[in-house]
Each structure stands twice: as C-alpha cells, then as structure tokens.
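Some notes on the structure that comes next.
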Amino acid sequence: MSKWREYRISELGTVNRGKSKHRPRNDKILYGGEYPFIQTGDVKEANFYINKHTETYNDLGLAQSKLWNIGTLCVTIAANIGDTAILTYPACFPDSIIGFQPYEGVSDVRFVKYYFDIYKRHMESISMGATQNNLSIKKLESIKFIFPDLKTQEKIADLLSTYDELIENNNRRIEILEKTAEEIYKEWFVRMRFPGHEN
C-alpha cells in the first residue's frame with residue numbers, strides 16, 4: 001500500500017514567478033514575434049493543457065522575460081487566482097503566473113495540477129488582500145500537500161487524464177460541428193445556395 005505524506009510545494013518541484021520586467025507591460029515594442037506569450041486568460045480558457053495563445057513576444061519581449069519548458073504547470077496568482085494548465089510548447093508568461101516544474105522521481109506534473117484544482121478555493125481564500133487579491137509563492141508554500149509516492153501519482157494521473165482527454169476530444173468535435181452548422185446556415189440562408197436553389 002502506498003504511503004501518503006506531507007509536502008511543501010518546494011519539495012515537489014521548482015516554483016518561480018513568470019517574468020515581465022519592462023514597463024508598461026502592454027508596450028507594443030515587445031510583441032509580434034515568434035515566442036508564445038501566455039496570459040492569465042489563456043490559462044483560464046485551457047481545459048488541461050495549453051494548446052493556444054493570444055499573444056507573442058519578439059526578441060525584445062523575450063529578453064525581458066523567460067522561456068519556460070514544455071510540461072511546466074502554469075498557476076495564475078492574480079486576476080483569476082488558482083487556475084492551472086500545463087504547457088505543451090515552450091512559452092513566456094508574466095509575473096501574474098507561477099511556473100511549477102516537478103522534480104524527477106518525486107512528482108508527476110499532472111497529479112500536481114489535479115491537486116491544485118482541488119485546492120483552488122483554499123488558494124483563493126489565502127490570497128485575499130486589503131487592496132488586491134494576490135497569491136504569492138510564500139502563501140503557496142504555506143499549504144501542506146498530502147501526496148503519495150510517484151508510482152501512485154502516475155496511476156491516478158493516468159486514470160484522470162484519460163477522462164480529460166475524452167472530454168477535450170469531444171469539445172473539439174462539438175466545435176467542428178458548430179462551425180459546420182454555421183457554414184451550412186450561411187450557405188443556405190445568407191448566400192441562398194440551398195439544395196435545389198437553381199430551380
């Protein structure tokens with residue numbers, strides 16, 4: 001039987017804030033390049049993995065930021081607090097997102113993501129501030145996680161992620177069907193090219 005024990009997040013992997021040193025952050029000179037730039041909204045919209053982004057950095061943007069590796073867990077710490085998703089490609093993100101990278105042989109990033117999702121309300125509650133809600137690394141470090149050994153983490157994550165992948169595939173199918181239905185509607189009722197329109 002697997003033993004579950006207490007861990008701090010820093011015992012499971014490295015935890016660092018994203019970087020966006022340049023001010024103002026929305027300065028146009030930073031954008032429009034080849035480097036994906038993940039924002040809190042992109043993390044919120046992702047089901048499990050981050051597969052798309054709305055903005056990119058150029059070389060100047062990258063120079064004042066950091067490129068994170070595939071498999072990094074992104075955790076939002078401002079605006080929408082406690083949303084999580086895993087990078088499927090290298091990307092930059094601002095200091096309103098924390099990047100978690102698991103220690104090899106200690107933790108499974110998928111299991112950590114599921115655990116964070118369970119703790120979302122708790123993370124929101126400890127983020128309450130006088131002026132603005134914010135989840136710092138220090139506050140995150142105050143949470144005690146009860147984790148099993150790596151093998152058990154992987155088994156649980158494999159099972160849960162199978163269902164998540166099915167959900168994501170079905171969502172993609174629904175999206176394709178909706179686009180098809182919209183195109184048929186335009187073809188038949190806007191362009192008036194419905195079946196038999198020639199007569």
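Letters A, B, ... go to the chains of the structure tokens in the order shown; residues in each chain start at 1; ligands are counted from 1 in the same order.
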TODO: Fewer than 6 positions away in the same chain doesn't count, so skip those; otherwise give me all residues within 12 Å of Lys144 of chain A, counting only C-alpha atoms, as a VMD selection string.
DONE: chain A and resid 5 to 12 115 to 116 119 122 to 123
Per-residue nearest contacts of segment 41-144 of chain A to segment 161-165 of chain A (10 Å; only C-alpha atoms) as CSV:
```
residue,atom,partner,partner_atom,distance
A:Asn47,CA,A:Asp164,CA,8.1
A:Phe48,CA,A:Asp164,CA,7.3
A:Tyr49,CA,A:Glu165,CA,9.7
A:Arg110,CA,A:Ser161,CA,7.8
A:Phe111,CA,A:Ser161,CA,9.3
A:Tyr114,CA,A:Ser161,CA,9.4
```
TODO: Name all residues at most 9 Å from Ser136 of chain A (count only C-alpha atoms; drop same-chain ones fewer than 4 positions away) and give them as a VMD selection string.
DONE: chain A and resid 17 77 98 127 140 to 141
Open item on the list: According to DSSP computed on the backbone, where in segment 62-179 of chain A is there strand (DSSP E or B)? Give the residues as a ChimeraX atom specification.
Closed with: /A:68,73-76,84-87,91-92,97-102,145-147
Task: Residues within 9 Å of Leu135 of chain A, only C-alpha atoms, excluding chain neighbours under 6 positions, as a ChimeraX atom specification - done: /A:76-78,81-82,96,123-124,126-128
- [ ] Record the distance separating atom CA of Asn169 of chain A and atom CA of Leu67 of chain A, expressed in Å with one decimal.
- [x]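 It comes out at 28.2 Å.
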Task: Nearest candidate to Gly71 of chain A (options A:Asp59, A:Asp83, A:Asp108, A:Glu45; using only C-alpha atoms) - done: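 The closest residue to Gly71 of chain A is A:Asp108.
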Open item on the list: Please extract the residues of segment 19-138 of chain A with a backbone DSSP assignment of helix (DSSP H, G or I) and present them as a PyMOL selection string.
Closed with: chain A and resi 28-30+40-45+59-63+109-118+120-126+137-138
Give me a file of those residues, with N, CA, C and O atoms, as a CSV table (one decimal), in the first residue's frame.
```
chain,number,residue,atom,x,y,z
A,28,LYS,N,3.8,48.1,-27.1
A,28,LYS,CA,3.8,47.4,-28.4
A,28,LYS,C,5.1,46.9,-28.9
A,28,LYS,O,5.2,46.0,-29.7
A,29,ILE,N,6.2,47.5,-28.4
A,29,ILE,CA,7.5,47.2,-28.9
A,29,ILE,C,7.9,45.7,-28.5
A,29,ILE,O,8.9,45.2,-29.0
A,30,LEU,N,7.2,45.1,-27.5
A,30,LEU,CA,7.6,43.8,-27.0
A,30,LEU,C,6.9,42.7,-27.8
A,30,LEU,O,7.3,41.5,-27.7
A,40,THR,N,-3.0,35.2,-18.2
A,40,THR,CA,-3.9,34.5,-17.2
A,40,THR,C,-5.1,34.0,-17.9
A,40,THR,O,-5.6,33.0,-17.6
A,41,GLY,N,-5.6,34.8,-18.9
A,41,GLY,CA,-6.8,34.4,-19.6
A,41,GLY,C,-6.6,33.1,-20.4
A,41,GLY,O,-7.5,32.3,-20.6
A,42,ASP,N,-5.4,32.9,-21.0
A,42,ASP,CA,-5.1,31.7,-21.7
A,42,ASP,C,-5.1,30.5,-20.8
A,42,ASP,O,-5.6,29.4,-21.2
A,43,VAL,N,-4.6,30.7,-19.6
A,43,VAL,CA,-4.6,29.6,-18.6
A,43,VAL,C,-6.0,29.2,-18.2
A,43,VAL,O,-6.4,28.1,-18.2
A,44,LYS,N,-6.8,30.3,-18.0
A,44,LYS,CA,-8.2,30.1,-17.6
A,44,LYS,C,-9.0,29.3,-18.7
A,44,LYS,O,-9.8,28.4,-18.4
A,45,GLU,N,-8.8,29.6,-19.9
A,45,GLU,CA,-9.5,29.0,-21.0
A,45,GLU,C,-9.1,27.6,-21.4
A,45,GLU,O,-9.8,26.9,-22.0
A,59,ASP,N,12.0,39.4,-30.0
A,59,ASP,CA,13.3,39.2,-29.3
A,59,ASP,C,13.4,40.1,-28.2
A,59,ASP,O,13.9,39.7,-27.1
A,60,LEU,N,12.9,41.3,-28.3
A,60,LEU,CA,12.9,42.3,-27.2
A,60,LEU,C,12.0,41.9,-26.0
A,60,LEU,O,12.4,42.0,-24.9
A,61,GLY,N,10.9,41.3,-26.4
A,61,GLY,CA,10.0,40.8,-25.3
A,61,GLY,C,10.6,39.6,-24.6
A,61,GLY,O,10.6,39.5,-23.4
A,62,LEU,N,11.3,38.7,-25.4
A,62,LEU,CA,11.9,37.6,-24.7
A,62,LEU,C,13.1,38.0,-23.8
A,62,LEU,O,13.2,37.4,-22.8
A,63,ALA,N,13.8,39.0,-24.2
A,63,ALA,CA,15.0,39.5,-23.5
A,63,ALA,C,14.6,39.9,-22.1
A,63,ALA,O,15.4,39.8,-21.1
A,109,VAL,N,3.6,16.1,-12.8
A,109,VAL,CA,3.0,17.4,-13.0
A,109,VAL,C,1.5,17.3,-13.2
A,109,VAL,O,0.8,18.2,-12.7
A,110,ARG,N,1.0,16.2,-13.8
A,110,ARG,CA,-0.5,16.1,-14.0
A,110,ARG,C,-1.2,15.9,-12.6
A,110,ARG,O,-2.2,16.5,-12.4
A,111,PHE,N,-0.6,15.1,-11.7
A,111,PHE,CA,-1.1,14.9,-10.4
A,111,PHE,C,-1.1,16.2,-9.6
A,111,PHE,O,-2.1,16.6,-8.9
A,112,VAL,N,0.0,17.0,-9.7
A,112,VAL,CA,0.1,18.3,-9.0
A,112,VAL,C,-1.0,19.2,-9.5
A,112,VAL,O,-1.7,19.9,-8.8
A,113,LYS,N,-1.3,19.2,-10.8
A,113,LYS,CA,-2.3,20.0,-11.4
A,113,LYS,C,-3.7,19.7,-10.8
A,113,LYS,O,-4.5,20.5,-10.4
A,114,TYR,N,-4.0,18.4,-10.8
A,114,TYR,CA,-5.3,17.9,-10.2
A,114,TYR,C,-5.4,18.4,-8.7
A,114,TYR,O,-6.5,18.8,-8.3
A,115,TYR,N,-4.3,18.3,-8.0
A,115,TYR,CA,-4.3,18.6,-6.6
A,115,TYR,C,-4.6,20.1,-6.5
A,115,TYR,O,-5.3,20.5,-5.6
A,116,PHE,N,-3.9,20.9,-7.3
A,116,PHE,CA,-4.1,22.4,-7.3
A,116,PHE,C,-5.6,22.7,-7.6
A,116,PHE,O,-6.1,23.6,-7.0
A,117,ASP,N,-6.2,22.0,-8.5
A,117,ASP,CA,-7.6,22.2,-8.9
A,117,ASP,C,-8.5,22.0,-7.7
A,117,ASP,O,-9.4,22.7,-7.4
A,118,ILE,N,-8.2,21.0,-6.9
A,118,ILE,CA,-8.9,20.7,-5.6
A,118,ILE,C,-8.8,21.8,-4.6
A,118,ILE,O,-9.7,22.2,-3.9
A,120,LYS,N,-8.2,25.0,-5.2
A,120,LYS,CA,-8.4,26.3,-5.8
A,120,LYS,C,-9.1,27.3,-4.8
A,120,LYS,O,-8.7,28.4,-4.7
A,121,ARG,N,-10.1,26.8,-4.2
A,121,ARG,CA,-10.9,27.7,-3.3
A,121,ARG,C,-10.0,28.1,-2.1
A,121,ARG,O,-10.0,29.2,-1.6
A,122,HIS,N,-9.2,27.2,-1.6
A,122,HIS,CA,-8.3,27.5,-0.5
A,122,HIS,C,-7.3,28.5,-1.0
A,122,HIS,O,-6.9,29.4,-0.2
A,123,MET,N,-6.7,28.3,-2.2
A,123,MET,CA,-5.8,29.3,-2.7
A,123,MET,C,-6.4,30.7,-2.9
A,123,MET,O,-5.8,31.7,-2.6
A,124,GLU,N,-7.7,30.7,-3.3
A,124,GLU,CA,-8.4,32.0,-3.4
A,124,GLU,C,-8.5,32.6,-2.0
A,124,GLU,O,-8.3,33.9,-1.9
A,125,SER,N,-8.8,31.8,-1.0
A,125,SER,CA,-9.1,32.4,0.3
A,125,SER,C,-7.8,32.9,1.0
A,125,SER,O,-7.9,34.0,1.7
A,126,ILE,N,-6.7,32.3,0.8
A,126,ILE,CA,-5.4,32.8,1.4
A,126,ILE,C,-4.8,34.0,0.5
A,126,ILE,O,-3.9,34.6,0.9
A,137,ILE,N,4.3,33.2,-3.8
A,137,ILE,CA,5.0,31.9,-3.6
A,137,ILE,C,5.0,31.6,-2.1
A,137,ILE,O,4.8,30.4,-1.7
A,138,LYS,N,5.2,32.6,-1.3
A,138,LYS,CA,5.2,32.4,0.2
A,138,LYS,C,3.9,31.8,0.7
A,138,LYS,O,3.9,30.9,1.5
```
